[in-house]
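A.B. asks: data23.txt is reproduced in full below (compact mmCIF, C-alpha atoms).
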# COMPACT_ATOMS: atom_id res chain seq x y z
CA MET A 1 -11.18 39.29 3.91
CA ASN A 2 -10.27 36.51 1.50
CA ALA A 3 -13.22 34.45 2.72
CA SER A 4 -15.54 37.34 1.76
CA ILE A 5 -13.94 37.67 -1.68
CA ASP A 6 -14.32 33.92 -2.17
CA ASP A 7 -17.99 34.21 -1.15
CA LEU A 8 -18.46 36.89 -3.83
CA ILE A 9 -16.83 34.76 -6.53
CA GLU A 10 -18.76 31.62 -5.64
CA ASN A 11 -22.02 33.57 -5.45
CA VAL A 12 -21.58 34.75 -9.03
CA ARG A 13 -20.76 31.21 -10.12
CA LYS A 14 -24.10 30.00 -8.76
CA VAL A 15 -25.83 31.62 -11.74
CA ILE A 16 -22.99 32.13 -14.25
CA TYR A 17 -20.85 29.28 -15.53
CA VAL A 18 -17.53 31.06 -15.95
CA ASP A 19 -13.92 29.99 -15.52
CA ARG A 20 -12.86 30.87 -11.97
CA THR A 21 -9.55 32.40 -13.06
CA LYS A 22 -11.29 34.78 -15.46
CA LEU A 23 -13.76 35.72 -12.74
CA GLU A 24 -10.84 36.40 -10.39
CA TYR A 25 -9.42 38.74 -13.05
CA LEU A 26 -12.75 40.55 -13.32
CA VAL A 27 -13.12 40.94 -9.56
CA ALA A 28 -9.48 42.08 -9.30
CA ALA A 29 -10.04 44.74 -11.97
CA MET A 30 -13.10 45.99 -10.07
CA ILE A 31 -11.22 46.14 -6.75
CA ALA A 32 -8.27 47.88 -8.42
CA GLY A 33 -10.57 50.65 -9.67
CA GLY A 34 -10.14 49.65 -13.30
CA HIS A 35 -12.53 48.66 -16.07
CA ALA A 36 -12.92 45.50 -18.14
CA MET A 37 -13.42 44.78 -21.82
CA LEU A 38 -15.03 41.49 -22.87
CA ALA A 39 -14.21 40.76 -26.50
CA ASP A 40 -16.53 37.87 -27.20
CA SER A 41 -19.32 36.29 -29.18
CA HIS A 42 -22.93 37.11 -28.37
CA GLY A 43 -24.98 34.98 -25.99
CA VAL A 44 -22.17 33.74 -23.74
CA GLY A 45 -23.48 35.42 -20.59
CA LYS A 46 -21.72 38.79 -20.53
CA THR A 47 -24.78 40.75 -19.41
CA SER A 48 -25.71 38.16 -16.80
CA LEU A 49 -22.14 38.14 -15.50
CA ALA A 50 -22.12 41.92 -15.02
CA ARG A 51 -25.55 41.82 -13.38
CA ALA A 52 -24.58 38.97 -11.05
CA LEU A 53 -21.43 40.77 -9.95
CA ALA A 54 -23.31 44.02 -9.28
CA LEU A 55 -26.15 42.35 -7.38
CA SER A 56 -23.77 40.26 -5.26
CA ILE A 57 -22.97 43.47 -3.38
CA LYS A 58 -25.42 44.96 -0.88
CA TRP A 59 -25.58 48.65 -1.63
CA PRO A 60 -26.81 51.29 0.84
CA ASP A 61 -30.56 51.85 0.95
CA LYS A 62 -29.91 55.51 0.16
CA LYS A 63 -29.38 55.50 -3.59
CA MET A 64 -28.67 59.19 -4.07
CA ASN A 65 -25.21 60.57 -4.83
CA ALA A 66 -23.82 63.94 -3.73
CA ASP A 67 -25.60 65.68 -6.62
CA GLY A 68 -28.97 64.22 -5.69
CA PHE A 69 -29.13 61.75 -8.58
CA SER A 70 -30.62 58.32 -8.17
CA LEU A 71 -27.93 55.66 -8.54
CA GLU A 72 -28.85 52.23 -9.81
CA ALA A 73 -26.70 49.27 -8.81
CA PHE A 74 -26.57 48.12 -12.43
CA ASN A 75 -27.36 49.80 -15.74
CA ARG A 76 -26.96 48.51 -19.28
CA VAL A 77 -26.46 50.46 -22.49
CA GLN A 78 -27.21 48.60 -25.71
CA CYS A 79 -25.02 50.38 -28.23
CA THR A 80 -26.27 51.20 -31.73
CA VAL A 81 -24.85 53.35 -34.49
CA ASP A 82 -27.41 56.12 -33.90
CA LEU A 83 -26.78 56.50 -30.15
CA LEU A 84 -25.72 60.03 -29.11
CA PRO A 85 -23.51 61.14 -26.18
CA GLN A 86 -26.51 62.56 -24.33
CA ASP A 87 -28.16 59.12 -24.46
CA ILE A 88 -25.34 57.91 -22.19
CA LEU A 89 -24.36 60.97 -20.17
CA GLY A 90 -27.71 62.73 -19.81
CA TYR A 91 -29.11 66.07 -20.92
CA SER A 92 -30.89 69.23 -19.73
CA ARG A 93 -34.55 69.75 -20.43
CA ILE A 94 -37.22 72.38 -19.79
CA ASN A 95 -39.21 71.35 -16.76
CA GLY A 96 -42.62 72.65 -15.73
CA GLU A 97 -44.63 75.70 -16.56
CA ASN A 98 -41.94 78.14 -15.34
CA PHE A 99 -39.56 76.90 -18.04
CA GLU A 100 -36.76 76.02 -15.59
CA MET A 101 -33.96 73.82 -16.87
CA SER A 102 -33.32 70.54 -15.08
CA PHE A 103 -30.72 67.87 -15.73
CA LYS A 104 -31.79 64.31 -16.50
CA PRO A 105 -28.88 61.95 -15.75
CA GLY A 106 -28.09 59.18 -18.22
CA PRO A 107 -27.36 55.51 -17.51
CA ILE A 108 -23.69 56.27 -16.83
CA PHE A 109 -24.78 57.42 -13.37
CA SER A 110 -24.68 53.95 -11.84
CA ARG A 111 -22.33 51.81 -9.79
CA PHE A 112 -21.94 49.13 -12.44
CA LEU A 113 -22.44 49.89 -16.12
CA LEU A 114 -22.48 47.37 -18.94
CA CYS A 115 -21.77 48.95 -22.31
CA ASP A 116 -22.84 46.26 -24.74
CA GLU A 117 -21.14 46.19 -28.17
CA ILE A 118 -19.21 49.43 -27.72
CA ASN A 119 -17.68 49.29 -31.17
CA LEU A 120 -21.11 49.82 -32.73
CA LEU A 121 -20.91 53.39 -31.43
CA PRO A 122 -19.54 56.13 -33.71
CA PRO A 123 -16.33 57.79 -32.42
CA LYS A 124 -18.10 60.85 -30.96
CA THR A 125 -20.30 58.66 -28.76
CA GLN A 126 -17.44 56.32 -27.84
CA GLY A 127 -15.73 59.40 -26.44
CA SER A 128 -18.52 59.74 -23.85
CA PHE A 129 -16.68 57.23 -21.66
CA PHE A 130 -13.17 58.77 -21.73
CA GLN A 131 -13.48 61.11 -18.75
CA ALA A 132 -15.67 58.77 -16.73
CA MET A 133 -13.23 55.87 -17.04
CA GLU A 134 -10.14 57.84 -16.07
CA GLU A 135 -11.44 60.41 -13.58
CA LYS A 136 -14.84 59.03 -12.48
CA ILE A 137 -16.49 62.33 -13.36
CA VAL A 138 -18.43 63.57 -16.39
CA THR A 139 -18.64 67.08 -17.75
CA ILE A 140 -21.92 67.92 -19.45
CA GLU A 141 -22.83 71.34 -20.82
CA GLY A 142 -19.98 72.95 -18.90
CA LYS A 143 -20.83 71.40 -15.53
CA THR A 144 -18.94 68.54 -13.87
CA TRP A 145 -20.76 65.75 -12.08
CA ALA A 146 -19.21 63.07 -9.86
CA LEU A 147 -19.62 59.34 -10.37
CA PRO A 148 -19.52 56.83 -7.48
CA GLU A 149 -16.09 55.96 -6.10
CA ASN A 150 -16.67 52.34 -7.05
CA PHE A 151 -17.94 53.09 -10.59
CA PHE A 152 -17.11 50.02 -12.69
CA LEU A 153 -17.53 49.72 -16.45
CA ILE A 154 -17.75 46.37 -18.19
CA SER A 155 -17.78 46.79 -21.95
CA THR A 156 -18.26 44.20 -24.67
CA MET A 157 -16.84 44.36 -28.16
CA ASN A 158 -17.82 42.53 -31.34
CA LEU A 159 -14.92 40.74 -32.97
CA LYS A 160 -16.63 40.56 -36.37
CA GLY A 161 -19.59 42.19 -38.03
CA ALA A 162 -20.83 45.10 -40.11
CA HIS A 163 -20.96 48.80 -39.18
CA LEU A 164 -18.19 48.54 -36.59
CA PHE A 165 -16.09 51.49 -35.42
CA PRO A 166 -12.78 50.19 -34.00
CA LEU A 167 -11.83 51.79 -30.69
CA PRO A 168 -8.65 53.90 -30.85
CA LEU A 169 -5.70 52.72 -28.77
CA PRO A 170 -5.98 55.66 -26.33
CA GLN A 171 -9.46 54.45 -25.37
CA LEU A 172 -8.52 50.78 -25.21
CA ASP A 173 -5.61 51.86 -23.01
CA ARG A 174 -8.13 52.93 -20.36
CA PHE A 175 -9.38 49.37 -19.88
CA MET A 176 -7.41 47.54 -17.22
CA ILE A 177 -8.00 44.12 -18.78
CA GLN A 178 -9.46 42.54 -21.87
CA LEU A 179 -10.91 39.04 -21.58
CA SER A 180 -12.81 36.51 -23.63
CA LEU A 181 -15.24 34.25 -21.78
CA GLY A 182 -15.39 31.75 -24.62
CA PHE A 183 -18.01 29.07 -25.11
CA PRO A 184 -18.76 26.71 -22.21
CA GLY A 185 -17.81 23.07 -22.17
CA PHE A 186 -20.38 20.36 -22.89
CA ASP A 187 -21.28 19.66 -19.25
CA ASP A 188 -21.47 23.36 -18.38
CA GLU A 189 -23.72 24.04 -21.37
CA CYS A 190 -26.07 21.27 -20.21
CA ALA A 191 -26.11 22.82 -16.73
CA ILE A 192 -26.83 26.29 -18.17
CA ILE A 193 -29.87 24.99 -20.04
CA ARG A 194 -31.13 23.09 -16.98
CA GLN A 195 -30.79 26.13 -14.70
CA HIS A 196 -31.82 28.97 -17.00
CA GLY A 197 -34.26 27.14 -19.24
CA SER A 198 -37.02 28.19 -16.85
CA ALA A 199 -37.98 31.37 -15.01
CA GLY A 200 -36.45 30.25 -11.69
CA GLY A 201 -32.79 30.33 -12.69
CA TRP A 202 -32.05 33.29 -10.41
CA ASP A 203 -34.14 32.13 -7.44
CA ASN A 204 -32.40 32.50 -4.07
CA PHE A 205 -29.70 34.71 -5.59
CA GLY A 206 -28.77 37.76 -3.52
CA ALA A 207 -26.02 39.95 -2.13
CA VAL A 208 -23.28 38.32 -0.05
CA VAL A 209 -20.91 41.24 0.65
CA THR A 210 -21.44 44.88 1.58
CA GLN A 211 -20.29 48.09 -0.06
CA LYS A 212 -18.20 48.73 3.05
CA GLU A 213 -16.30 45.48 2.42
CA LEU A 214 -15.78 46.43 -1.22
CA SER A 215 -14.37 49.82 -0.20
CA SER A 216 -12.06 48.08 2.27
CA TRP A 217 -10.72 45.77 -0.44
CA MET A 218 -10.10 48.74 -2.72
CA ALA A 219 -8.16 50.53 0.03
CA ASN A 220 -6.05 47.43 0.67
CA VAL A 221 -4.78 47.32 -2.92
CA ASP A 222 -2.44 50.23 -2.18
CA ARG A 223 -1.15 48.43 0.91
CA MET A 224 -0.12 45.35 -1.06
CA GLU A 225 3.67 45.07 -1.18
CA LEU A 226 5.35 45.58 -4.56
CA HIS A 227 9.01 44.56 -4.37
CA PRO A 228 11.51 46.66 -6.38
CA ASP A 229 12.37 43.58 -8.46
CA VAL A 230 8.71 43.17 -9.42
CA LEU A 231 8.47 46.85 -10.29
CA SER A 232 11.63 46.53 -12.38
CA TYR A 233 10.13 43.56 -14.22
CA ILE A 234 6.90 45.47 -14.97
CA VAL A 235 8.85 48.40 -16.41
CA SER A 236 11.08 46.06 -18.43
CA LEU A 237 8.01 44.28 -19.80
CA VAL A 238 6.32 47.52 -20.85
CA ARG A 239 9.51 48.85 -22.45
CA ALA A 240 10.07 45.54 -24.26
CA THR A 241 6.83 46.10 -26.18
CA ARG A 242 8.28 49.36 -27.53
CA ASP A 243 11.48 47.65 -28.62
CA SER A 244 9.69 44.77 -30.34
CA GLY A 245 10.00 44.79 -34.10
CA GLU A 246 6.68 42.96 -34.30
CA LEU A 247 4.72 45.85 -32.81
CA LEU A 248 3.91 49.06 -34.62
CA THR A 249 2.80 50.70 -31.36
CA GLY A 250 4.10 49.64 -27.96
CA ALA A 251 2.55 50.02 -24.53
CA SER A 252 2.18 53.43 -22.89
CA PRO A 253 3.48 54.38 -19.42
CA ARG A 254 -0.15 54.10 -18.24
CA SER A 255 0.17 50.38 -18.99
CA GLY A 256 2.69 49.91 -16.19
CA ILE A 257 0.37 51.61 -13.72
CA LYS A 258 -2.54 49.38 -14.74
CA ILE A 259 -0.42 46.21 -14.60
CA SER A 260 0.92 47.04 -11.15
CA ARG A 261 -2.55 47.71 -9.74
CA MET A 262 -4.01 44.62 -11.39
CA ALA A 263 -1.18 42.46 -10.04
CA ARG A 264 -1.62 43.88 -6.54
CA SER A 265 -5.37 43.39 -6.66
CA LEU A 266 -5.19 39.83 -8.02
CA SER A 267 -2.69 38.92 -5.29
CA LEU A 268 -5.15 40.34 -2.77
CA VAL A 269 -8.02 38.32 -4.27
CA ARG A 270 -5.95 35.15 -3.97
CA GLY A 271 -4.85 35.85 -0.41
CA GLU A 272 -1.17 36.23 -1.26
CA PRO A 273 0.96 38.48 1.01
CA PHE A 274 2.90 40.13 -1.82
CA VAL A 275 3.05 40.39 -5.62
CA ARG A 276 5.09 37.76 -7.43
CA ILE A 277 6.73 38.16 -10.83
CA ASP A 278 4.84 35.03 -11.91
CA THR A 279 1.57 36.90 -11.27
CA VAL A 280 2.71 39.73 -13.56
CA LYS A 281 3.64 37.19 -16.24
CA GLU A 282 0.25 35.49 -15.85
CA ILE A 283 -1.74 38.69 -16.45
CA ALA A 284 0.57 40.12 -19.15
CA VAL A 285 -1.65 39.16 -22.10
CA ALA A 286 -4.90 40.27 -20.39
CA THR A 287 -3.41 43.64 -19.41
CA LEU A 288 -1.23 44.42 -22.44
CA ALA A 289 -2.54 42.81 -25.62
CA HIS A 290 -5.29 45.40 -26.18
CA ARG A 291 -2.84 48.30 -25.70
CA VAL A 292 -0.48 47.47 -28.57
CA GLU A 293 -0.73 47.30 -32.35
CA PRO A 294 0.91 44.46 -34.35
CA ARG A 295 2.97 45.41 -37.38
CA ASP A 296 1.71 42.30 -39.19
CA SER A 297 -2.08 41.96 -39.01
CA SER A 298 -1.80 38.18 -39.46
CA ARG A 299 -0.30 37.92 -35.96
CA SER A 300 -2.39 38.62 -32.90
CA SER A 301 -1.16 41.00 -30.24
CA ALA A 302 -1.79 38.28 -27.63
CA GLU A 303 0.71 35.97 -29.36
CA ILE A 304 3.31 38.72 -29.53
CA ILE A 305 2.91 39.65 -25.85
CA ALA A 306 3.18 35.98 -24.85
CA SER A 307 6.37 35.71 -26.91
CA ILE A 308 7.86 38.81 -25.25
CA VAL A 309 7.07 37.40 -21.80
CA SER A 310 8.70 34.07 -22.63
CA LYS A 311 11.93 35.80 -23.70
CA LEU A 312 12.14 38.48 -21.00
CA ASP A 313 14.63 37.71 -18.26
CA THR A 314 13.23 37.89 -14.72
CA ASP A 315 16.54 38.08 -12.83
CA PRO A 316 17.37 41.75 -12.09
CA GLY A 317 20.99 40.87 -11.38
CA ILE A 318 21.48 39.43 -14.86
CA ARG A 319 19.79 42.46 -16.39
CA GLU A 320 22.26 44.79 -14.66
CA ILE A 321 25.18 42.75 -15.94
CA LEU A 322 23.78 42.91 -19.49
CA LYS A 323 23.30 46.68 -19.20
CA ARG A 324 26.99 47.14 -18.30
CA ALA A 325 28.24 44.74 -21.00
Do you think you could lay out the structure here as structure tokens?

C.D. replies:
Amino acid sequence: MNASIDDLIENVRKVIYVDRTKLEYLVAAMIAGGHAMLADSHGVGKTSLARALALSIKWPDKKMNADGFSLEAFNRVQCTVDLLPQDILGYSRINGENFEMSFKPGPIFSRFLLCDEINLLPPKTQGSFFQAMEEKIVTIEGKTWALPENFFLISTMNLKGAHLFPLPLPQLDRFMIQLSLGFPGFDDECAIIRQHGSAGGWDNFGAVVTQKELSSWMANVDRMELHPDVLSYIVSLVRATRDSGELLTGASPRSGIKISRMARSLSLVRGEPFVRIDTVKEIAVATLAHRVEPRDSSRSSAEIIASIVSKLDTDPGIREILKRA
């Protein structure tokens, strides 16, 4: 199984120059059934990364879902301030001479969806993703439609700019991780220009794993062992954000669920037999920073989470002694 996951990661890296650890995080979020936010500058390869990940998986030839909709492997929504919910979810229209109503599905009906620059959307349109992200269904005009089991949303967010609508914490809380790809190093940037400076940059690129393998990985996340001490550490970490004087809003109980699944999935990606506390500490910033609100805007939430992790005791025995003291 781990050889197949490694094949997937290395296949993406054939066309996208991305840090392997960050790609492991992205793959782990996908396998865990979560969604990813990329808070980054433009032009660093976010769209290509999402496309490469989607097309590295061989999907069934039959592209119809249970409702008879055509499912694309990868769709992209370029967000603008005038985009409406129906532009994403779909809408009903009068079809034919007999004036029958038919439903035209929107781009959300796909296996992988890239929502580019989500904070350009007004709040009403941002809300189009709430139900899909949490329940993998959408309700349109009183009728509920199912999304694929492996529906995966990668969203990008502008860090600076005009006409931005900040996402509320309840929506950010639905993203399993938030990452920044950053700019490539000098050598990688030279390689990017050499490979993609012509039309043949994606030649010989194709799928290396099947949907059946992806479904198997997703099922194995729940089988990954989570020791009581690791669970105790996750809960202590989440609760520490609520007790921090530096945070106006701490992490929700949903945060613990997302951290536990991300830690299990990342351990699976790396071929580890169980979840270690060090793995939870490693992903703390990526899984928590976007869920909390600093009291002082001059300090980043990532710095505060890193500080909490550095001070939080990992020995459950010592914690019990301190509780009784």

A.B. asks: Do you have the atom CA of A:Met218-atom CA of A:Val269 distance handy?

C.D. replies: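 About the pair atom CA of A:Met218 and atom CA of A:Val269: they are 10.7 Å apart.
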
A.B. asks: Can you work out the spacing between atom CA of A:Asp296 and atom CA of A:Lys160 in Å, to one decimal?

C.D. replies: 18.6 Å

A.B. asks: Using the file's own x, y and z axes, so that the box edges lie along x, y and z, what centre and edge lengths in Å (one decimal) does a box around every listed atom of stretch 235-243 of chain A get when 5 Å is added on each side? Give it as lines of an AutoDock Vina configuration file.

C.D. replies:
center_x = 8.9
center_y = 46.8
center_z = -22.5
size_x = 15.2
size_y = 15.1
size_z = 22.2

A.B. asks: Need the shell around A:Gly271: protein/DNA/RNA residues with any atom at most 12 Å away, counting only C-alpha atoms. Skip same-chain ones fewer than 2 positions apart. Format as an MDAnalysis selection string?

C.D. replies: chainID A and resid 1:6 24 28 217 220:221 224 264:269 273:275

A.B. asks: Could you please give me, as an MDAnalysis selection string, the residues of protein, DNA or RNA lying at most 9 Å from (-11.2, 39.4, -14.5) in the coordinate frame of the file, considering only C-alpha atoms?

C.D. replies: chainID A and resid 21:30 36 177:179 266 286

A.B. asks: Quick check, in Å to one decimal: how far apart do atom CA of A:Val12 and atom CA of A:Val77 lie?

C.D. replies: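 So the answer is 21.3 Å.
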
A.B. asks: Within 10 Å of A:Phe74, counting only C-alpha atoms, which residues qualify if same-chain residues fewer than 4 places away don't, as a VMD selection string?

C.D. replies: chain A and resid 50 to 55 107 to 114 152

A.B. asks: Extract, using all atoms listed in the file, all DNA, RNA and protein residues at most 8 Å from A:Leu288, discarding same-chain residues fewer than 2 positions from it, and format them as an mmCIF file with C-alpha atoms, keeping the file's coordinate frame.

C.D. replies:
data_model
loop_
_atom_site.group_PDB
_atom_site.id
_atom_site.type_symbol
_atom_site.label_atom_id
_atom_site.label_comp_id
_atom_site.auth_asym_id
_atom_site.auth_seq_id
_atom_site.Cartn_x
_atom_site.Cartn_y
_atom_site.Cartn_z
ATOM 1 C CA ILE A 177 -8.000 44.120 -18.780
ATOM 2 C CA ALA A 251 2.550 50.020 -24.530
ATOM 3 C CA SER A 255 0.170 50.380 -18.990
ATOM 4 C CA ALA A 284 0.570 40.120 -19.150
ATOM 5 C CA VAL A 285 -1.650 39.160 -22.100
ATOM 6 C CA ALA A 286 -4.900 40.270 -20.390
ATOM 7 C CA HIS A 290 -5.290 45.400 -26.180
ATOM 8 C CA ARG A 291 -2.840 48.300 -25.700
ATOM 9 C CA VAL A 292 -0.480 47.470 -28.570
ATOM 10 C CA ILE A 305 2.910 39.650 -25.850
#

A.B. asks: Find the residue from A:Phe103, A:Tyr17, A:Trp145, A:Phe151 that sits nearest to A:Leu214; use all atoms listed in the file when measuring.

C.D. replies: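 Using all atoms listed in the file, the shortest distance to A:Leu214 belongs to A:Phe151.
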
A.B. asks: Could you pull the residues within 6 Å of A:His35, counting all atoms listed in the file, minus those fewer than 3 positions along the same chain, as a list in words?

C.D. replies: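 Once the adjacent positions are removed, what remains is Phe152, Leu153, Phe175 and Met176 of chain A.
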
A.B. asks: Around (7.1, 41.4, -28.0) in the file's frame, which residues reach within 7 Å when counting all atoms listed in the file? Return as a PyMOL selection string?

C.D. replies: chain A and resi 240-241+244+246-247+304-305+307-308

A.B. asks: Would you fill the gaps in stretch 278-304 of chain A so it has N, CA and C atoms, then print it as a compact mmCIF listing (two decimals), in the frame of the given file?

C.D. replies:
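Dumped everything to selection.txt:
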# COMPACT_ATOMS: atom_id res chain seq x y z
N ASP A 278 5.66 35.99 -11.18
CA ASP A 278 4.84 35.03 -11.91
C ASP A 278 3.41 35.55 -12.10
N THR A 279 2.92 36.32 -11.14
CA THR A 279 1.57 36.90 -11.27
C THR A 279 1.55 37.93 -12.39
N VAL A 280 2.61 38.74 -12.48
CA VAL A 280 2.71 39.73 -13.56
C VAL A 280 2.77 39.01 -14.91
N LYS A 281 3.55 37.95 -14.99
CA LYS A 281 3.64 37.19 -16.24
C LYS A 281 2.29 36.58 -16.61
N GLU A 282 1.55 36.12 -15.60
CA GLU A 282 0.25 35.49 -15.85
C GLU A 282 -0.74 36.47 -16.47
N ILE A 283 -0.73 37.72 -15.99
CA ILE A 283 -1.74 38.69 -16.45
C ILE A 283 -1.24 39.53 -17.62
N ALA A 284 -0.03 39.26 -18.12
CA ALA A 284 0.57 40.12 -19.15
C ALA A 284 -0.32 40.24 -20.39
N VAL A 285 -0.83 39.11 -20.88
CA VAL A 285 -1.65 39.16 -22.10
C VAL A 285 -2.96 39.92 -21.82
N ALA A 286 -3.61 39.63 -20.71
CA ALA A 286 -4.90 40.27 -20.39
C ALA A 286 -4.76 41.77 -20.18
N THR A 287 -3.59 42.22 -19.70
CA THR A 287 -3.41 43.64 -19.41
C THR A 287 -2.70 44.42 -20.50
N LEU A 288 -2.04 43.72 -21.44
CA LEU A 288 -1.23 44.42 -22.44
C LEU A 288 -1.69 44.26 -23.88
N ALA A 289 -2.28 43.11 -24.21
CA ALA A 289 -2.54 42.81 -25.62
C ALA A 289 -3.43 43.85 -26.30
N HIS A 290 -4.38 44.43 -25.56
CA HIS A 290 -5.29 45.40 -26.18
C HIS A 290 -4.69 46.80 -26.27
N ARG A 291 -3.48 46.98 -25.72
CA ARG A 291 -2.84 48.30 -25.70
C ARG A 291 -1.81 48.48 -26.81
N VAL A 292 -1.53 47.42 -27.56
CA VAL A 292 -0.48 47.47 -28.57
C VAL A 292 -1.05 47.16 -29.95
N GLU A 293 -0.28 47.49 -30.96
CA GLU A 293 -0.73 47.30 -32.35
C GLU A 293 0.31 46.49 -33.12
N PRO A 294 -0.05 45.29 -33.60
CA PRO A 294 0.91 44.46 -34.35
C PRO A 294 1.29 45.11 -35.68
N ARG A 295 2.53 44.91 -36.08
CA ARG A 295 2.97 45.41 -37.38
C ARG A 295 2.37 44.55 -38.49
N ASP A 296 2.27 43.25 -38.23
CA ASP A 296 1.71 42.30 -39.19
C ASP A 296 0.32 41.89 -38.70
N SER A 297 -0.71 42.22 -39.45
CA SER A 297 -2.08 41.96 -39.01
C SER A 297 -2.41 40.47 -38.94
N SER A 298 -1.56 39.62 -39.53
CA SER A 298 -1.80 38.18 -39.46
C SER A 298 -1.41 37.60 -38.11
N ARG A 299 -0.68 38.37 -37.30
CA ARG A 299 -0.30 37.92 -35.96
C ARG A 299 -1.12 38.68 -34.92
N SER A 300 -1.61 37.97 -33.94
CA SER A 300 -2.39 38.62 -32.90
C SER A 300 -1.47 39.26 -31.87
N SER A 301 -1.95 40.33 -31.27
CA SER A 301 -1.16 41.00 -30.24
C SER A 301 -0.95 40.10 -29.03
N ALA A 302 -1.92 39.21 -28.76
CA ALA A 302 -1.79 38.28 -27.63
C ALA A 302 -0.60 37.34 -27.84
N GLU A 303 -0.43 36.85 -29.06
CA GLU A 303 0.71 35.97 -29.36
C GLU A 303 2.03 36.70 -29.19
N ILE A 304 2.07 37.94 -29.62
CA ILE A 304 3.31 38.72 -29.53
C ILE A 304 3.66 39.01 -28.07
